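Peer 1: First the structure, then my questions, so here it is.
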Amino acid sequence: MKKLLLLLILHSTLYIVNCFSQQYGWIDISGNIPPFPYDTTIINNGQDTIIASLTDVYFVDDDEGWVTTYHPFHDTAAIIHTTDGGETFEVQTTILPCNAIWMRNGQEGYAGGQSGLIYKTTNGGQNWNFHGTIVNTVMGISFPVTVDTGTVSGLWGSIWGITQTGVFNFNCGLASSFLGTSTTSSNHSWTCGSSSIYFVDGSGCSELPSPTGTFNKIQFINDQLGWVAGESGGVDTGLVAGSPDGINWVVLGYPPASMSGLFALDSNNVWAIGKTTNREGIIMLTTNGSDFGFDTTTSTGWSNVVWNQEAAGLSTDILAGVYFTSPTNGYVVGNNKTLLKYTLLTSLEDEGEQPTEFKLEQNYPNPFNPSTRIKYTIPTPPSSSPLAKGRNEVGFVTLKVYDILGNEVATLVNEEKAPGSYETEFNAASRFKNPASGIYFYQLKAGEFIQTKKMILLK
């Protein structure tokens with residue numbers, strides 16, 4: 001223990017404050033979308049222009065994703081696909097336009113929309129083939145991570161199951177139109193629409209107690225923790241609620257707009273999107289999304305969730321779909337071919353500068369199980385430094401992981417590195433057998449620089 005305390009004290013005294021920063025925010029990349037059939041229609045003797053809307057979005061990593069499109073006056077059957085983070089797109093086609101898409105990986109995916117038609121691809125969207133129909137318009141598709149059976153929701157009470165071979169009706173016999181669905185395992189699905197939230201366990205549908213309002217989108221990240229977004233009934237008054245147990249719901253806020261989209265990256269980072277009555281797009285974010293609970297003995301809930309509005313004034317259109325691959329990379333789609341991206345606004349490359357200080361970032365995710373990512377930066381020595389012969393000279397760098405007793409458990413980096421920013425992965429399961437839950441430390445050494453940070457393995 002003395003060894004550990006001395007180690008931490010030494011590292012604290014050698015901490016070097018990072019004097020450059022990277023700023024993230026929203027940018028409009030709608031102009032990158034290519035023209036596709038019937039994306040613009042002139043009506044009312046040339047007085048009005050109707051542009052296709054983007055209805056849903058799904059990304060399998062930071063760069064590769066798919067966006068569905070819809071046009072009210074034409075059968076615009078286009079899905080646009082990017083492999084470079086929205087810089088360029090290719091146009092893929094389906095029989096009829098789609099409102100929902102879910103990619104299980106870079107090759108297999110499902111999309112659905114008009115006339116209840118569902119399409120499947122096994123080659124990344126090069127071909128979208130008819131997979132089945134739920135009769136009524138498809139509004140939501142969801143698959144669990146490791147199970148081959150998902151859920152499809154749609155208008156007029158449609159709650160269907162979907163497999164790799166087709167679709168089947170749960171026969172819930174409901175009248176509501178279900179705009180959102182979320183499935184976490186073979187017997188845990190939730191569907192929302194109108195003023196109802198239903199739980200589907202594979203054998204039937206049961207309505208859950210819910211806050212007063214109407215619901216548009218729902219998402220669970222496991223069999224207990226989930227969120228729903230919609231309206232509370234007032235003018236420009238939205239509603240976001242959370243469930244800590246998969247059954248009961250707690251109101252987490254009333255955003256100043258009807259909320260039409262929702263995305264939870266993890267238990268903390270949750271986004272809700274929508275529109276105000278004057279058709280201004282709105283994006284809300286919480287970074288403590290699971291800080292709430294419900295007391296079943298008293299039937300009361302509590303919440304410390306804080307919401308912040310982002311990208312104010314960036315869009316005047318209705319926003320419909322949102323997807324994030326990390327806290328620093330995400331996409332929002334909406335009417336009039338609106339496509340917004342959350343990304344790095346100012347970078348060292350953009351400014352023509354080189355990093356001037358060491359930096360060891362907090363690992364993400366944290367806590368983790370079993371793997372996590374660690375980013376670090378090696379600076380360019382100043383021109384006055386005796387180390388800077390060409391100011392791009394490489395230096396020897398080590399990045400190691402220690403347990404709470406100070407024992408080394410993994411070496412992630414042990415080589416010369418040129419100035420720049422790097423990222424590496426620590427996978428506890430592949431580094432040692434039966435890794436124990438608890439506190440670990442990772443340490444960056446480069447010349448006289450030493451910095452250590454704490455991370456938590458939670459199994």
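Each chain in the structure tokens gets a letter, A, B and so on, in the order shown; residues start at 1 in every chain, and ligands are counted from 1 in the order they appear.
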Looking only at strand (DSSP E or B) from DSSP on the backbone, list the matching residues of stretch 277-440 of chain A as a ChimeraX atom specification.

Peer 2: /A:281-286,292-295,300-303,308-310,319-326,329-334,338-346,359-360,364,368,371-378,395-403,408-417,420-427,438-440

Peer 1: Find the residues near A:Gln309: any atom within 7 Å, counting only C-alpha atoms, skip ones fewer than 2 places away on the same chain, and give them as a PyMOL selection string.

Peer 2: chain A and resi 283-285+307+312

Peer 1: How many Å separate atom CA of A:Gly31 from atom CA of A:Tyr323?

Peer 2: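 It comes out at 19.1 Å.
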
Peer 1: If we count only C-alpha atoms, what is near A:Asn304 at a cut-off of 12 Å, once residues fewer than 6 positions away on the same chain are taken out, given as a VMD selection string?

Peer 2: chain A and resid 242 250 to 253 268 286 to 293

Peer 1: Compile the contact shell of A:Gly86 as a list of chain:residue names: residues with an atom at most 9 Å away, counting only C-alpha atoms, same-chain residues fewer than 6 positions apart removed.

Peer 2: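 Counting only the stated atoms, we get A:Ile29, A:Ser30, A:Asn32, A:Ile33, A:Asp63, A:Glu64, A:Gly65, A:Leu339, A:Lys341.
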
Peer 1: Taking C-alpha atoms for each residue, export the selection above as a short mmCIF file (atom, residue, chain, number, x, y, z; two decimals), in the first residue's frame.

Peer 2:
data_model
loop_
_atom_site.label_atom_id
_atom_site.label_comp_id
_atom_site.auth_asym_id
_atom_site.auth_seq_id
_atom_site.Cartn_x
_atom_site.Cartn_y
_atom_site.Cartn_z
CA ILE A 29 -23.38 18.53 -43.65
CA SER A 30 -26.68 18.45 -45.53
CA ASN A 32 -22.98 16.50 -48.87
CA ILE A 33 -26.15 14.54 -49.69
CA ASP A 63 -17.58 6.54 -40.55
CA GLU A 64 -20.04 4.02 -42.01
CA GLY A 65 -23.76 4.59 -41.82
CA LEU A 339 -28.17 16.12 -41.83
CA LYS A 341 -23.00 15.91 -37.45
#

Peer 1: Quick one: pull the distance between atom CA of A:Ala320 and atom CA of A:Gln107, Å, one decimal.

Peer 2: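 Separating atom CA of A:Ala320 from atom CA of A:Gln107 is a distance of 24.4 Å.
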
Peer 1: Could you check how far atom CA of A:Phe36 sits from atom CA of A:His81, in Å to one decimal?

Peer 2: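 Between atom CA of A:Phe36 and atom CA of A:His81 the gap works out to 12.4 Å.
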
Peer 1: For A:Gly154, please output as a list of chain:residue names all residues within 6 Å (counting only C-alpha atoms; exclusion window: fewer than 3 positions along the same chain).

Peer 2: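 Returned residues: A:Thr137, A:Val138, A:Met139, A:Ser158, A:Phe178.
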
Peer 1: Could you save those same residues with C-alpha atoms as a tab-separated table (two decimals), in the first residue's frame?

Peer 2:
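Output below, filename out-v1.tsv:
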chain	number	residue	atom	x	y	z
A	137	THR	CA	-46.58	1.39	-42.24
A	138	VAL	CA	-43.35	0.46	-40.44
A	139	MET	CA	-42.16	3.06	-37.90
A	158	SER	CA	-48.71	-3.27	-35.37
A	178	PHE	CA	-46.61	2.44	-32.37

Peer 1: Determine, counting only C-alpha atoms, which protein, DNA and RNA residues have an atom within 6 Å of an atom of A:Tyr24; residues of the same chain fewer than 6 positions away are not included. Present the result as a list in words.

Peer 2: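 Using only C-alpha atoms, the neighbours found are Thr343, Leu344 and Leu345 of chain A.
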
Peer 1: A:Leu179, A:Leu262, A:Val200, A:Cys205: which is nearest A:Asp223, counting only C-alpha atoms?

Peer 2: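 Ranked by minimum distance to A:Asp223, first place goes to A:Val200.
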
Peer 1: Out of A:Ile404, A:Ile378, A:Ala446, A:Leu457, which residue has the shortest atom-to-atom distance to A:Pro419 when counting only C-alpha atoms?

Peer 2: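 Ranking A:Ile404, A:Ile378, A:Ala446, A:Leu457 by distance to A:Pro419, first place goes to A:Ile378.
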
Peer 1: Pick out the residues sitting within 7 Å of A:Asp56, and hand them over as a PDB file with all heavy atoms, in the first residue's frame; count only C-alpha atoms, and ignore anything fewer than 4 positions along from it in its own chain.

Peer 2:
ATOM      1  N   VAL A  67     -28.871   6.144 -44.072  1.00  0.00           N
ATOM      2  CA  VAL A  67     -29.958   7.079 -43.764  1.00  0.00           C
ATOM      3  C   VAL A  67     -31.131   6.764 -44.682  1.00  0.00           C
ATOM      4  O   VAL A  67     -30.961   6.641 -45.905  1.00  0.00           O
ATOM      5  CB  VAL A  67     -29.516   8.539 -43.965  1.00  0.00           C
ATOM      6  CG1 VAL A  67     -30.677   9.484 -43.678  1.00  0.00           C
ATOM      7  CG2 VAL A  67     -28.317   8.871 -43.066  1.00  0.00           C
ATOM      8  N   THR A  68     -32.334   6.634 -44.095  1.00  0.00           N
ATOM      9  CA  THR A  68     -33.533   6.402 -44.897  1.00  0.00           C
ATOM     10  C   THR A  68     -34.173   7.732 -45.277  1.00  0.00           C
ATOM     11  O   THR A  68     -34.038   8.732 -44.574  1.00  0.00           O
ATOM     12  CB  THR A  68     -34.541   5.538 -44.134  1.00  0.00           C
ATOM     13  OG1 THR A  68     -34.828   6.154 -42.862  1.00  0.00           O
ATOM     14  CG2 THR A  68     -33.996   4.147 -43.892  1.00  0.00           C
ATOM     15  N   ASN A  99     -39.038   4.347 -43.261  1.00  0.00           N
ATOM     16  CA  ASN A  99     -39.030   5.210 -42.084  1.00  0.00           C
ATOM     17  C   ASN A  99     -38.075   4.739 -41.004  1.00  0.00           C
ATOM     18  O   ASN A  99     -37.793   5.477 -40.061  1.00  0.00           O
ATOM     19  CB  ASN A  99     -40.428   5.277 -41.460  1.00  0.00           C
ATOM     20  CG  ASN A  99     -41.456   5.841 -42.394  1.00  0.00           C
ATOM     21  OD1 ASN A  99     -41.225   6.854 -43.046  1.00  0.00           O
ATOM     22  ND2 ASN A  99     -42.606   5.179 -42.482  1.00  0.00           N
ATOM     23  N   ALA A 100     -37.601   3.491 -41.096  1.00  0.00           N
ATOM     24  CA  ALA A 100     -36.786   2.919 -40.024  1.00  0.00           C
ATOM     25  C   ALA A 100     -35.715   2.025 -40.614  1.00  0.00           C
ATOM     26  O   ALA A 100     -35.928   1.376 -41.647  1.00  0.00           O
ATOM     27  CB  ALA A 100     -37.662   2.115 -39.054  1.00  0.00           C
ATOM     28  N   ILE A 101     -34.570   1.995 -39.927  1.00  0.00           N
ATOM     29  CA  ILE A 101     -33.468   1.131 -40.372  1.00  0.00           C
ATOM     30  C   ILE A 101     -32.703   0.634 -39.161  1.00  0.00           C
ATOM     31  O   ILE A 101     -32.569   1.340 -38.152  1.00  0.00           O
ATOM     32  CB  ILE A 101     -32.528   1.880 -41.347  1.00  0.00           C
ATOM     33  CG1 ILE A 101     -31.499   0.900 -41.955  1.00  0.00           C
ATOM     34  CG2 ILE A 101     -31.859   3.069 -40.678  1.00  0.00           C
ATOM     35  CD1 ILE A 101     -30.750   1.490 -43.135  1.00  0.00           C
ATOM     36  N   ALA A 320     -35.794  14.105 -36.864  1.00  0.00           N
ATOM     37  CA  ALA A 320     -36.512  12.830 -36.782  1.00  0.00           C
ATOM     38  C   ALA A 320     -35.681  11.676 -36.234  1.00  0.00           C
ATOM     39  O   ALA A 320     -36.215  10.783 -35.586  1.00  0.00           O
ATOM     40  CB  ALA A 320     -37.042  12.449 -38.158  1.00  0.00           C
ATOM     41  N   GLY A 321     -34.377  11.633 -36.517  1.00  0.00           N
ATOM     42  CA  GLY A 321     -33.562  10.488 -36.112  1.00  0.00           C
ATOM     43  C   GLY A 321     -32.219  10.923 -35.584  1.00  0.00           C
ATOM     44  O   GLY A 321     -31.654  11.937 -36.029  1.00  0.00           O
ATOM     45  N   VAL A 333     -30.805  13.493 -38.259  1.00  0.00           N
ATOM     46  CA  VAL A 333     -31.447  13.696 -39.556  1.00  0.00           C
ATOM     47  C   VAL A 333     -32.835  14.283 -39.353  1.00  0.00           C
ATOM     48  O   VAL A 333     -33.426  14.176 -38.281  1.00  0.00           O
ATOM     49  CB  VAL A 333     -31.541  12.378 -40.349  1.00  0.00           C
ATOM     50  CG1 VAL A 333     -30.156  11.806 -40.610  1.00  0.00           C
ATOM     51  CG2 VAL A 333     -32.412  11.354 -39.611  1.00  0.00           C
TER      52      VAL A 333
END
